[in-house]
file run.txt (compact mmCIF, C-alpha atoms)
# COMPACT_ATOMS: atom_id res chain seq x y z
CA MET A 255 -23.64 93.73 -84.56
CA ASN A 256 -20.23 94.95 -85.76
CA LYS A 257 -18.25 97.76 -84.15
CA ASP A 258 -19.33 100.43 -86.66
CA SER A 259 -23.01 99.56 -86.23
CA PHE A 260 -22.70 99.67 -82.47
CA THR A 261 -20.93 103.04 -82.64
CA GLU A 262 -23.70 104.40 -84.86
CA LEU A 263 -26.30 103.07 -82.41
CA GLU A 264 -24.51 104.82 -79.54
CA HIS A 265 -24.39 108.01 -81.58
CA ASP A 266 -28.13 107.84 -82.27
CA LEU A 267 -29.03 107.03 -78.66
CA PHE A 268 -26.84 109.50 -76.83
CA LYS A 269 -25.61 112.31 -79.08
CA ARG A 270 -28.87 112.62 -80.99
CA ASN A 271 -30.96 112.07 -77.83
CA GLY A 272 -32.55 108.95 -79.30
CA LYS A 273 -32.62 107.42 -75.80
CA TYR A 274 -35.56 109.69 -74.92
CA ALA A 275 -37.54 108.41 -77.87
CA VAL A 276 -36.77 104.86 -76.66
CA MET A 277 -37.85 105.78 -73.11
CA GLY A 278 -41.04 107.44 -74.26
CA THR A 279 -41.95 104.57 -76.58
CA SER A 280 -41.24 101.94 -73.90
CA PHE A 281 -43.36 103.67 -71.26
CA ALA A 282 -46.08 104.29 -73.84
CA LEU A 283 -46.20 100.57 -74.78
CA VAL A 284 -46.48 99.51 -71.12
CA HIS A 285 -49.35 101.94 -70.59
CA LEU A 286 -50.97 100.76 -73.80
CA PHE A 287 -51.03 97.27 -72.28
CA TYR A 288 -52.68 98.62 -69.12
CA LEU A 289 -55.12 100.59 -71.29
CA ILE A 290 -56.27 97.37 -72.96
CA PHE A 291 -56.59 95.68 -69.56
CA PHE A 292 -58.77 98.42 -68.05
CA VAL A 293 -60.97 98.47 -71.14
CA LYS A 294 -61.34 94.69 -70.79
CA ILE A 295 -62.51 94.92 -67.16
CA ASN A 296 -64.68 97.89 -68.19
CA TYR A 297 -63.07 100.43 -65.83
CA LEU A 298 -63.06 103.49 -68.09
CA PRO A 299 -61.54 106.10 -65.69
CA MET A 300 -58.21 104.20 -65.57
CA ALA A 301 -58.49 103.43 -69.28
CA PHE A 302 -58.77 107.15 -69.97
CA TYR A 303 -55.85 107.81 -67.59
CA ASN A 304 -53.68 105.41 -69.60
CA VAL A 305 -54.71 107.09 -72.87
CA ILE A 306 -53.31 110.35 -71.44
CA SER A 307 -50.15 108.51 -70.31
CA VAL A 308 -49.54 106.95 -73.72
CA VAL A 309 -49.97 110.29 -75.50
CA GLY A 310 -47.83 112.09 -72.91
CA TYR A 311 -44.89 109.68 -73.15
CA MET A 312 -44.93 109.70 -76.94
CA PHE A 313 -45.08 113.50 -76.99
CA PHE A 314 -42.31 114.13 -74.46
CA GLY A 315 -40.12 111.31 -75.79
CA MET A 316 -40.20 112.69 -79.33
CA SER A 317 -39.74 116.27 -78.08
CA CYS A 318 -36.60 115.25 -76.18
CA ALA A 319 -35.28 113.40 -79.22
CA GLN A 320 -35.53 116.75 -81.03
CA GLY A 321 -33.63 118.52 -78.24
CA VAL A 322 -36.43 120.14 -76.20
CA ARG A 323 -38.59 119.51 -73.07
CA PHE A 324 -36.05 117.38 -71.17
CA LYS A 325 -37.08 118.62 -67.74
CA GLN A 326 -40.74 118.27 -68.64
CA LEU A 327 -40.18 114.58 -69.44
CA TYR A 328 -38.43 114.13 -66.10
CA PHE A 329 -41.25 115.66 -64.06
CA PHE A 330 -43.90 113.90 -66.14
CA CYS A 331 -42.30 110.52 -65.33
CA MET A 332 -41.83 111.35 -61.67
CA ILE A 333 -45.50 112.33 -61.29
CA GLU A 334 -47.24 109.92 -63.67
CA VAL A 335 -45.63 106.61 -62.62
CA PRO A 336 -46.16 106.99 -58.84
CA LEU A 337 -49.71 108.27 -59.40
CA HIS A 338 -50.51 105.37 -61.72
CA SER A 339 -49.03 102.86 -59.26
CA VAL A 340 -50.98 104.26 -56.30
CA LEU A 341 -54.28 104.39 -58.21
CA CYS A 342 -53.88 100.83 -59.52
CA THR A 343 -52.97 99.56 -56.05
CA LEU A 344 -55.98 101.22 -54.45
CA LEU A 345 -58.19 99.96 -57.26
CA LEU A 346 -56.95 96.37 -57.59
CA GLY A 347 -55.13 95.66 -54.36
CA TRP A 348 -51.57 95.34 -53.06
CA ASP A 349 -51.03 91.85 -54.44
CA TYR A 350 -50.88 93.16 -58.01
CA LYS A 351 -47.41 94.59 -57.21
CA PHE A 352 -47.90 97.96 -58.89
CA MET A 353 -45.91 99.67 -56.11
CA LEU A 354 -42.75 97.86 -57.19
CA PHE A 355 -42.45 100.54 -59.86
CA MET A 356 -41.34 102.92 -57.07
CA PHE A 357 -38.03 101.06 -56.89
CA GLY A 358 -37.65 101.15 -60.66
CA MET A 359 -38.16 104.91 -60.69
CA ILE A 360 -35.23 105.60 -58.35
CA PRO A 361 -32.38 104.82 -60.84
CA ILE A 362 -34.45 106.37 -63.63
CA SER A 363 -34.81 109.64 -61.70
CA PHE A 364 -31.03 109.90 -61.23
CA TYR A 365 -30.23 108.83 -64.77
CA ILE A 366 -32.51 111.30 -66.53
CA ALA A 367 -31.60 114.23 -64.24
CA LEU A 368 -27.86 113.57 -64.50
CA PHE A 369 -27.75 113.97 -68.28
CA ILE A 370 -30.02 117.01 -68.59
CA GLU A 371 -27.50 119.81 -69.13
CA ASP A 372 -29.61 122.71 -67.81
CA PHE A 373 -30.82 120.81 -64.74
CA LYS A 374 -29.67 122.97 -61.80
CA HIS A 375 -29.83 120.22 -59.15
CA PRO A 376 -29.08 116.89 -60.91
CA ILE A 377 -28.35 115.12 -57.58
CA LEU A 378 -30.54 116.91 -55.03
CA ILE A 379 -33.88 116.63 -56.84
CA PRO A 380 -33.54 112.88 -57.65
CA ALA A 381 -32.44 112.27 -54.04
CA ILE A 382 -35.55 114.04 -52.71
CA SER A 383 -37.66 112.17 -55.27
CA SER A 384 -36.19 108.85 -54.15
CA ILE A 385 -36.97 109.56 -50.50
CA PHE A 386 -40.51 110.51 -51.49
CA LEU A 387 -40.95 107.30 -53.54
CA THR A 388 -39.68 105.18 -50.65
CA ILE A 389 -42.04 106.82 -48.17
CA LEU A 390 -44.91 106.51 -50.64
CA TYR A 391 -44.21 102.80 -51.04
CA PHE A 392 -44.51 102.09 -47.31
CA VAL A 393 -47.53 104.36 -46.85
CA VAL A 394 -49.43 102.57 -49.60
CA ARG A 395 -48.18 99.25 -48.23
CA VAL A 396 -49.83 99.98 -44.88
CA ALA A 397 -52.97 101.26 -46.60
CA GLY A 398 -53.11 98.16 -48.80
CA GLU A 399 -53.15 95.92 -45.74
CA ASN A 400 -55.98 97.81 -44.07
CA VAL A 401 -58.16 99.08 -46.93
CA PRO A 402 -59.87 96.65 -49.35
CA PRO A 403 -59.49 97.26 -53.12
CA ILE A 404 -62.10 99.38 -54.84
CA MET A 405 -62.79 96.77 -57.50
CA HIS A 406 -64.72 93.75 -56.24
CA LYS A 407 -62.44 90.78 -55.72
CA THR A 408 -64.48 88.44 -57.91
CA VAL A 409 -64.06 90.76 -60.90
CA ILE A 410 -60.30 90.94 -60.78
CA SER A 411 -59.05 87.87 -58.92
CA LYS A 412 -58.48 85.87 -62.10
CA TYR A 413 -55.90 88.46 -63.25
CA GLU A 414 -53.98 88.65 -59.98
CA TYR A 415 -51.61 85.77 -60.69
CA TYR A 416 -50.53 87.17 -64.06
CA PHE A 417 -50.08 90.75 -62.82
CA THR A 418 -48.06 89.64 -59.81
CA TYR A 419 -45.35 88.28 -62.10
CA LEU A 420 -45.85 90.74 -64.92
CA ASN A 421 -45.48 93.87 -62.77
CA THR A 422 -42.54 92.32 -60.94
CA PHE A 423 -40.93 91.69 -64.33
CA PHE A 424 -41.66 95.23 -65.53
CA ALA A 425 -40.17 96.75 -62.36
CA PHE A 426 -36.95 94.73 -62.52
CA PHE A 427 -36.73 95.27 -66.28
CA MET A 428 -36.86 99.05 -65.66
CA ILE A 429 -33.95 98.80 -63.24
CA LEU A 430 -31.95 96.55 -65.56
CA SER A 431 -32.59 98.47 -68.77
CA PHE A 432 -31.81 101.90 -67.31
CA SER A 433 -28.72 100.54 -65.58
CA LEU A 434 -27.56 99.22 -68.95
CA LEU A 435 -28.37 102.54 -70.62
CA PHE A 436 -26.38 104.36 -67.96
CA SER A 437 -23.42 102.00 -68.44
CA PHE A 438 -23.52 102.39 -72.23
CA GLU A 439 -23.78 106.17 -72.00
CA PHE A 440 -20.97 106.40 -69.46
CA ASN A 441 -18.80 104.28 -71.76
CA TYR A 442 -19.84 106.47 -74.71
CA ILE A 443 -18.83 109.62 -72.80
CA GLN A 444 -15.48 108.09 -71.85
CA LYS A 445 -14.73 107.26 -75.49
CA LYS A 446 -15.90 110.71 -76.55
CA TYR A 447 -13.60 112.43 -74.05
CA ALA A 448 -10.71 110.17 -75.03
CA THR A 449 -11.20 111.15 -78.69
CA GLU A 450 -11.50 114.82 -77.79
CA ASN A 451 -8.32 114.61 -75.69
CA ILE A 452 -6.46 113.12 -78.64
CA THR A 453 -7.77 115.93 -80.83
CA LEU A 454 -6.78 118.56 -78.27
CA ASP A 455 -3.36 116.97 -77.89
CA THR A 456 -2.96 117.08 -81.65
CA TYR A 457 -3.89 120.77 -81.73
CA ALA A 458 -1.52 121.43 -78.83
CA SER A 459 1.36 119.50 -80.41
CA TYR A 460 1.13 120.22 -84.13
CA ASP A 461 1.16 123.28 -86.33
CA THR A 462 -2.28 123.52 -87.94
CA LEU A 463 -0.99 124.90 -91.25
CA THR A 464 1.90 122.56 -92.06
CA GLY A 465 1.00 119.51 -89.96
CA LEU A 466 4.50 119.56 -88.45
CA LEU A 467 5.28 119.61 -84.74
CA ASN A 468 4.94 123.08 -83.24
CA ARG A 469 7.43 125.03 -81.12
CA ARG A 470 6.04 123.66 -77.87
CA SER A 471 6.49 120.04 -79.00
CA ILE A 472 9.95 120.74 -80.40
CA ASP A 473 11.03 122.18 -77.05
CA SER A 474 9.72 119.06 -75.34
CA HIS A 475 11.70 116.79 -77.66
CA LEU A 476 14.83 118.89 -77.18
CA ASP A 477 14.50 118.65 -73.39
CA GLN A 478 14.10 114.88 -73.64
CA LEU A 479 17.15 114.52 -75.90
CA TYR A 480 19.13 116.75 -73.58
CA LYS A 481 18.43 114.37 -70.69
CA GLU A 482 19.30 111.33 -72.81
CA HIS A 483 22.56 112.71 -74.23
CA TYR A 484 23.83 114.96 -71.46
CA HIS A 485 26.67 112.57 -70.63
CA ASP A 486 27.07 111.07 -74.12
CA GLU A 487 30.00 111.62 -76.42
CA GLU A 488 27.87 111.26 -79.54
CA GLY A 489 25.15 113.82 -78.84
CA PHE A 490 22.70 114.84 -81.57
CA SER A 491 22.33 117.52 -84.22
CA VAL A 492 19.84 120.19 -85.21
CA ILE A 493 19.24 121.88 -88.56
CA MET A 494 17.66 125.33 -88.59
CA CYS A 495 15.99 126.15 -91.93
CA ASP A 496 14.69 129.48 -93.15
CA ILE A 497 12.84 130.23 -96.42
CA ASP A 498 14.71 132.88 -98.39
CA HIS A 499 12.85 136.09 -99.31
CA PHE A 500 9.65 134.77 -97.75
CA LYS A 501 8.41 138.26 -96.87
CA SER A 502 8.55 139.30 -100.52
CA VAL A 503 6.34 136.32 -101.44
CA ASN A 504 3.71 137.51 -98.96
CA ASP A 505 4.02 141.11 -100.08
CA THR A 506 3.84 140.27 -103.79
CA TYR A 507 1.36 137.40 -103.97
CA GLY A 508 -0.50 137.62 -100.66
CA HIS A 509 -0.63 135.49 -97.50
CA ASP A 510 -2.41 132.62 -99.23
CA ALA A 511 0.64 132.21 -101.42
CA GLY A 512 2.82 132.33 -98.31
CA ASP A 513 0.72 129.59 -96.70
CA TYR A 514 1.06 127.49 -99.86
CA ILE A 515 4.86 127.87 -99.79
CA LEU A 516 5.04 126.92 -96.10
CA LYS A 517 2.99 123.76 -96.66
CA GLU A 518 5.00 122.76 -99.74
CA VAL A 519 8.34 123.31 -98.00
CA ALA A 520 7.10 121.33 -94.98
CA SER A 521 6.11 118.48 -97.30
CA VAL A 522 9.47 118.40 -99.08
CA VAL A 523 11.45 118.55 -95.82
CA SER A 524 9.33 115.79 -94.26
CA SER A 525 9.90 113.55 -97.29
CA GLU A 526 13.68 113.83 -96.93
CA VAL A 527 14.05 112.92 -93.25
CA ARG A 528 13.84 109.47 -91.68
CA ASP A 529 10.93 108.29 -89.57
CA ASN A 530 12.88 108.67 -86.33
CA ASP A 531 14.00 112.23 -87.13
CA ILE A 532 11.98 115.12 -85.74
CA VAL A 533 10.71 117.96 -87.92
CA GLY A 534 8.84 120.99 -86.66
CA ARG A 535 7.85 124.53 -87.49
CA TRP A 536 10.03 126.70 -85.29
CA GLY A 537 8.16 129.90 -86.05
CA GLY A 538 7.18 132.03 -89.05
CA GLU A 539 9.10 130.68 -92.04
CA GLU A 540 11.64 128.78 -89.92
CA PHE A 541 11.78 124.99 -89.53
CA LEU A 542 13.86 122.88 -87.15
CA ILE A 543 15.06 119.33 -87.76
CA ILE A 544 16.44 117.17 -84.95
CA LEU A 545 18.33 113.95 -85.66
CA ASN A 546 20.37 111.51 -83.59
CA LYS A 547 23.40 111.85 -85.83
CA ASP A 548 26.71 113.70 -85.89
CA LYS A 549 27.25 117.04 -87.60
CA GLN A 550 28.65 115.49 -90.77
CA THR A 551 25.52 113.38 -91.34
CA ALA A 552 23.28 116.33 -90.47
CA THR A 553 25.14 118.53 -92.95
CA LYS A 554 24.61 115.99 -95.73
CA LEU A 555 20.89 115.88 -94.94
CA ALA A 556 20.73 119.68 -94.90
CA GLU A 557 22.39 119.87 -98.32
CA ARG A 558 20.00 117.29 -99.74
CA ILE A 559 17.01 119.26 -98.45
CA ARG A 560 18.43 122.51 -99.83
CA ALA A 561 18.90 120.95 -103.26
CA GLN A 562 15.39 119.45 -103.27
CA ILE A 563 13.80 122.81 -102.42
CA GLU A 564 15.85 124.61 -105.08
CA THR A 565 14.67 122.23 -107.81
CA HIS A 566 11.10 121.78 -106.56
CA GLU A 567 8.30 123.29 -108.66
CA PHE A 568 6.27 125.71 -106.58
CA ASN A 569 3.20 126.50 -108.67
CA TYR A 570 0.81 128.86 -106.94
CA LYS A 571 -2.30 129.20 -109.11
CA THR A 572 -0.87 130.30 -112.46
CA THR A 573 2.46 131.55 -111.05
CA SER A 574 5.65 129.50 -110.83
CA LEU A 575 7.78 130.56 -107.86
CA HIS A 576 11.47 129.87 -107.27
CA ILE A 577 12.04 129.12 -103.58
CA THR A 578 15.31 128.41 -101.77
CA LEU A 579 16.36 127.61 -98.20
CA THR A 580 19.27 128.65 -96.06
CA LEU A 581 20.20 126.15 -93.35
CA GLY A 582 22.39 126.22 -90.26
CA VAL A 583 23.69 122.98 -88.68
CA SER A 584 24.87 122.55 -85.11
CA SER A 585 25.60 119.54 -82.87
CA PHE A 586 25.05 118.93 -79.17
CA HIS A 587 27.82 117.46 -77.05
CA ASN A 588 28.04 116.65 -73.36
CA GLY A 589 28.33 119.69 -71.15
CA ALA A 590 26.49 121.99 -73.57
CA ASP A 591 22.94 123.26 -73.21
CA ILE A 592 19.94 123.47 -75.52
CA GLY A 593 19.93 127.26 -75.63
CA SER A 594 23.49 127.45 -76.92
CA LEU A 595 22.77 124.68 -79.45
CA ILE A 596 19.84 126.60 -80.97
CA ARG A 597 21.74 129.90 -80.92
CA SER A 598 24.65 128.26 -82.71
CA ALA A 599 22.41 126.88 -85.47
CA ASP A 600 20.66 130.24 -85.74
CA LYS A 601 23.91 132.16 -86.06
CA LYS A 602 25.13 129.84 -88.80
CA LEU A 603 21.83 130.24 -90.63
CA TYR A 604 22.13 134.03 -90.61
CA ARG A 605 25.75 133.80 -91.68
CA GLY A 606 24.45 131.91 -94.72
CA LYS A 607 21.86 134.67 -95.26
CA GLU A 608 24.58 137.30 -95.20
CA ASN A 609 26.71 135.29 -97.61
CA GLY A 610 24.06 135.14 -100.33
CA ARG A 611 21.40 132.64 -99.09
CA ASN A 612 20.51 129.23 -100.58
CA GLN A 613 23.31 127.44 -98.72
CA VAL A 614 24.18 125.21 -95.76
CA VAL A 615 26.45 126.51 -93.03
CA SER A 616 27.84 124.03 -90.49

call {"tool": "encode", "arguments": {"input": "run.txt", "output": "structure tokens"}}
result
Amino acid sequence: MNKDSFTELEHDLFKRNGKYAVMGTSFALVHLFYLIFFVKINYLPMAFYNVISVVGYMFFGMSCAQGVRFKQLYFFCMIEVPLHSVLCTLLLGWDYKFMLFMFGMIPISFYIALFIEDFKHPILIPAISSIFLTILYFVVRVAGENVPPIMHKTVISKYEYYFTYLNTFFAFFMILSFSLLFSFEFNYIQKKYATENITLDTYASYDTLTGLLNRRSIDSHLDQLYKEHYHDEEGFSVIMCDIDHFKSVNDTYGHDAGDYILKEVASVVSSEVRDNDIVGRWGGEEFLIILNKDKQTATKLAERIRAQIETHEFNYKTTSLHITLTLGVSSFHNGADIGSLIRSADKKLYRGKENGRNQVVS
């Protein structure tokens, strides 16, 4: 089984509640076997009991797979299995090992209760159930030593050898299979949470419209660079970019047009920077670029971006829009602080705005 097939199997078992269909079918098949046995020895009351069990497990298993009757399945299991084990032990005798199912029911009781979302006491009720099952086991054990089986020994003795091993196998298989299910589901939940954390981190770090880093992430990168370059002579540079006349685009063509312009500008800017440069949406129609270069290099990059935006075709629906950028460039040197660096780039940007826009000021 390849990775994709296994992932799909996990999805079917756990997210789509397919595990309950598997549980119901498994229990139903075991009881179908006992049904055939009791018909064979002509003991119809237990045969009829197993008919009810088979129908019940199929019904509740399929209901749970569809998202309903989870608690009903739990209580059905916790009542039916002990009752069946006690009746079979009293009927056939202790040596048939039906009471071993009590031990198999303990991990099952915790497993089912733990993953039922609206279960108010997912630990307390299974714990009480486990104590009850343990007590029941020893009570029936004592009774089995002192009370002869209901069925005459000569009728059933030839089956004792097979049932001793078969019921022991079924009991241990219950423990093993539900332990494996628990392990697989726990692993599934871990992977699910890891994926969700990555998604949440992406939402927390990136601007949803442009796909660029958001203000929070930019601040984090600036703080990190500040620590790295505080005592350096080289420092680093920032470029503050602002879309010219952006408000008039929104007012004239609507906010959808504004969103289109923001995404297009973000795409052009991203295509011009290197992989190790940092680009983010600073806020509104402003973008910030951080690069580990001096002011001269940053100014050349800013001019290249400005020229690319000026010549880029912005076609919103049937309208061709002419968009330009004004950019301010500032460099960080030892002894400075991040606040003054950003203010310096911002002041240069607005100086460019006052001087006619569509220019780089460094």

call {"tool": "atom_distance", "arguments": {"input": "run.txt", "atom1": "atom CA of Asp461 of chain A", "atom2": "atom CA of Val492 of chain A"}}
result
19.0 Å

call {"tool": "residues_around", "arguments": {"input": "run.txt", "residues": "Phe490 of chain A", "least_positions_apart": "2", "cutoff": "7 Å", "atoms": "all atoms listed in the file", "output": "PyMOL selection string"}}
result
chain A and resi 488+545-548+585-586

call {"tool": "residues_around", "arguments": {"input": "run.txt", "residues": "Ile429 of chain A", "least_positions_apart": "2", "cutoff": "8 Å", "atoms": "only C-alpha atoms", "output": "ChimeraX atom specification"}}
result
/A:357-359,361-362,425-427,431-433

call {"tool": "write_last_selection", "arguments": {"input": "run.txt", "atoms": "C-alpha atoms", "output": "short mmCIF file (atom, residue, chain, number, x, y, z; two decimals), in the coordinates of the input"}}
result
data_model
loop_
_atom_site.label_atom_id
_atom_site.label_comp_id
_atom_site.auth_asym_id
_atom_site.auth_seq_id
_atom_site.Cartn_x
_atom_site.Cartn_y
_atom_site.Cartn_z
CA PHE A 357 -38.03 101.06 -56.89
CA GLY A 358 -37.65 101.15 -60.66
CA MET A 359 -38.16 104.91 -60.69
CA PRO A 361 -32.38 104.82 -60.84
CA ILE A 362 -34.45 106.37 -63.63
CA ALA A 425 -40.17 96.75 -62.36
CA PHE A 426 -36.95 94.73 -62.52
CA PHE A 427 -36.73 95.27 -66.28
CA SER A 431 -32.59 98.47 -68.77
CA PHE A 432 -31.81 101.90 -67.31
CA SER A 433 -28.72 100.54 -65.58
#

call {"tool": "residues_around", "arguments": {"input": "run.txt", "residues": "segment 511-526 of chain A", "least_positions_apart": "6", "cutoff": "7 Å", "atoms": "all atoms listed in the file", "output": "PyMOL selection string"}}
result
chain A and resi 463-464+503-504+533+539+559+570

call {"tool": "closest_residue", "arguments": {"input": "run.txt", "among": "A:Ser471, A:Glu399, A:Ala590, A:Val583", "to": "Ile532 of chain A", "atoms": "only C-alpha atoms"}}
result
A:Ser471

call {"tool": "closest_residue", "arguments": {"input": "run.txt", "among": "A:Cys495, A:Ile366, A:Ala282, A:Leu345", "to": "Gly538 of chain A", "atoms": "all atoms listed in the file"}}
result
A:Cys495

call {"tool": "closest_atom_pairs", "arguments": {"input": "run.txt", "of": "segment 256-374 of chain A", "to": "segment 400-404 of chain A", "cutoff": "10 Å", "atoms": "all atoms listed in the file", "output": "Markdown table"}}
result
| residue | atom | partner | partner_atom | distance |
| --- | --- | --- | --- | --- |
| A:Leu341 | CA | A:Ile404 | CA | 9.9 |
| A:Cys342 | CA | A:Pro403 | CA | 9.2 |
| A:Thr343 | CA | A:Pro403 | CA | 7.5 |
| A:Leu344 | CA | A:Pro403 | CA | 5.5 |
| A:Leu345 | CA | A:Ile404 | CA | 4.6 |
| A:Leu346 | CA | A:Pro403 | CA | 5.2 |
| A:Gly347 | CA | A:Pro403 | CA | 4.8 |
| A:Trp348 | CA | A:Pro403 | CA | 8.1 |

call {"tool": "closest_residue", "arguments": {"input": "run.txt", "among": "A:Met353, A:Ile543, A:Leu579, A:Val614", "to": "Asp473 of chain A", "atoms": "all atoms listed in the file"}}
result
A:Ile543

call {"tool": "atom_distance", "arguments": {"input": "run.txt", "atom1": "atom CA of Asp372 of chain A", "atom2": "atom CA of Phe330 of chain A"}}
result
16.9 Å

call {"tool": "build_atoms", "arguments": {"input": "run.txt", "residues": "segment 381-388 of chain A", "atoms": "all heavy atoms", "output": "PDB file, in the coordinates of the input"}}
result
ATOM      1  N   ALA A 381     -32.555 112.801 -55.405  1.00  0.00           N
ATOM      2  CA  ALA A 381     -32.440 112.270 -54.040  1.00  0.00           C
ATOM      3  C   ALA A 381     -33.724 112.509 -53.268  1.00  0.00           C
ATOM      4  O   ALA A 381     -34.228 111.610 -52.573  1.00  0.00           O
ATOM      5  CB  ALA A 381     -31.259 112.925 -53.331  1.00  0.00           C
ATOM      6  N   ILE A 382     -34.276 113.724 -53.380  1.00  0.00           N
ATOM      7  CA  ILE A 382     -35.550 114.040 -52.710  1.00  0.00           C
ATOM      8  C   ILE A 382     -36.667 113.168 -53.299  1.00  0.00           C
ATOM      9  O   ILE A 382     -37.511 112.630 -52.555  1.00  0.00           O
ATOM     10  CB  ILE A 382     -35.881 115.535 -52.876  1.00  0.00           C
ATOM     11  CG1 ILE A 382     -34.852 116.384 -52.123  1.00  0.00           C
ATOM     12  CG2 ILE A 382     -37.290 115.830 -52.368  1.00  0.00           C
ATOM     13  CD1 ILE A 382     -34.983 117.878 -52.366  1.00  0.00           C
ATOM     14  N   SER A 383     -36.656 113.010 -54.618  1.00  0.00           N
ATOM     15  CA  SER A 383     -37.660 112.170 -55.270  1.00  0.00           C
ATOM     16  C   SER A 383     -37.585 110.731 -54.780  1.00  0.00           C
ATOM     17  O   SER A 383     -38.616 110.077 -54.548  1.00  0.00           O
ATOM     18  CB  SER A 383     -37.477 112.202 -56.793  1.00  0.00           C
ATOM     19  OG  SER A 383     -37.615 113.512 -57.296  1.00  0.00           O
ATOM     20  N   SER A 384     -36.369 110.227 -54.603  1.00  0.00           N
ATOM     21  CA  SER A 384     -36.190 108.850 -54.150  1.00  0.00           C
ATOM     22  C   SER A 384     -36.708 108.652 -52.733  1.00  0.00           C
ATOM     23  O   SER A 384     -37.322 107.616 -52.419  1.00  0.00           O
ATOM     24  CB  SER A 384     -34.706 108.471 -54.227  1.00  0.00           C
ATOM     25  OG  SER A 384     -34.233 108.576 -55.548  1.00  0.00           O
ATOM     26  N   ILE A 385     -36.455 109.634 -51.875  1.00  0.00           N
ATOM     27  CA  ILE A 385     -36.970 109.560 -50.500  1.00  0.00           C
ATOM     28  C   ILE A 385     -38.501 109.571 -50.524  1.00  0.00           C
ATOM     29  O   ILE A 385     -39.155 108.787 -49.817  1.00  0.00           O
ATOM     30  CB  ILE A 385     -36.434 110.739 -49.671  1.00  0.00           C
ATOM     31  CG1 ILE A 385     -34.918 110.602 -49.504  1.00  0.00           C
ATOM     32  CG2 ILE A 385     -37.123 110.804 -48.308  1.00  0.00           C
ATOM     33  CD1 ILE A 385     -34.254 111.815 -48.880  1.00  0.00           C
ATOM     34  N   PHE A 386     -39.054 110.435 -51.362  1.00  0.00           N
ATOM     35  CA  PHE A 386     -40.510 110.510 -51.490  1.00  0.00           C
ATOM     36  C   PHE A 386     -41.091 109.181 -51.985  1.00  0.00           C
ATOM     37  O   PHE A 386     -42.098 108.683 -51.471  1.00  0.00           O
ATOM     38  CB  PHE A 386     -40.903 111.636 -52.439  1.00  0.00           C
ATOM     39  CG  PHE A 386     -42.354 111.640 -52.819  1.00  0.00           C
ATOM     40  CD1 PHE A 386     -43.325 112.069 -51.919  1.00  0.00           C
ATOM     41  CD2 PHE A 386     -42.758 111.185 -54.072  1.00  0.00           C
ATOM     42  CE1 PHE A 386     -44.675 112.062 -52.269  1.00  0.00           C
ATOM     43  CE2 PHE A 386     -44.100 111.177 -54.424  1.00  0.00           C
ATOM     44  CZ  PHE A 386     -45.056 111.609 -53.519  1.00  0.00           C
ATOM     45  N   LEU A 387     -40.474 108.575 -52.989  1.00  0.00           N
ATOM     46  CA  LEU A 387     -40.950 107.300 -53.540  1.00  0.00           C
ATOM     47  C   LEU A 387     -40.890 106.192 -52.497  1.00  0.00           C
ATOM     48  O   LEU A 387     -41.794 105.345 -52.421  1.00  0.00           O
ATOM     49  CB  LEU A 387     -40.111 106.921 -54.761  1.00  0.00           C
ATOM     50  CG  LEU A 387     -40.273 107.809 -56.006  1.00  0.00           C
ATOM     51  CD1 LEU A 387     -39.232 107.436 -57.057  1.00  0.00           C
ATOM     52  CD2 LEU A 387     -41.672 107.689 -56.591  1.00  0.00           C
ATOM     53  N   THR A 388     -39.825 106.199 -51.699  1.00  0.00           N
ATOM     54  CA  THR A 388     -39.680 105.180 -50.650  1.00  0.00           C
ATOM     55  C   THR A 388     -40.773 105.328 -49.600  1.00  0.00           C
ATOM     56  O   THR A 388     -41.400 104.339 -49.179  1.00  0.00           O
ATOM     57  CB  THR A 388     -38.297 105.290 -49.998  1.00  0.00           C
ATOM     58  OG1 THR A 388     -37.280 105.187 -50.996  1.00  0.00           O
ATOM     59  CG2 THR A 388     -38.097 104.187 -48.963  1.00  0.00           C
TER      60      THR A 388
END
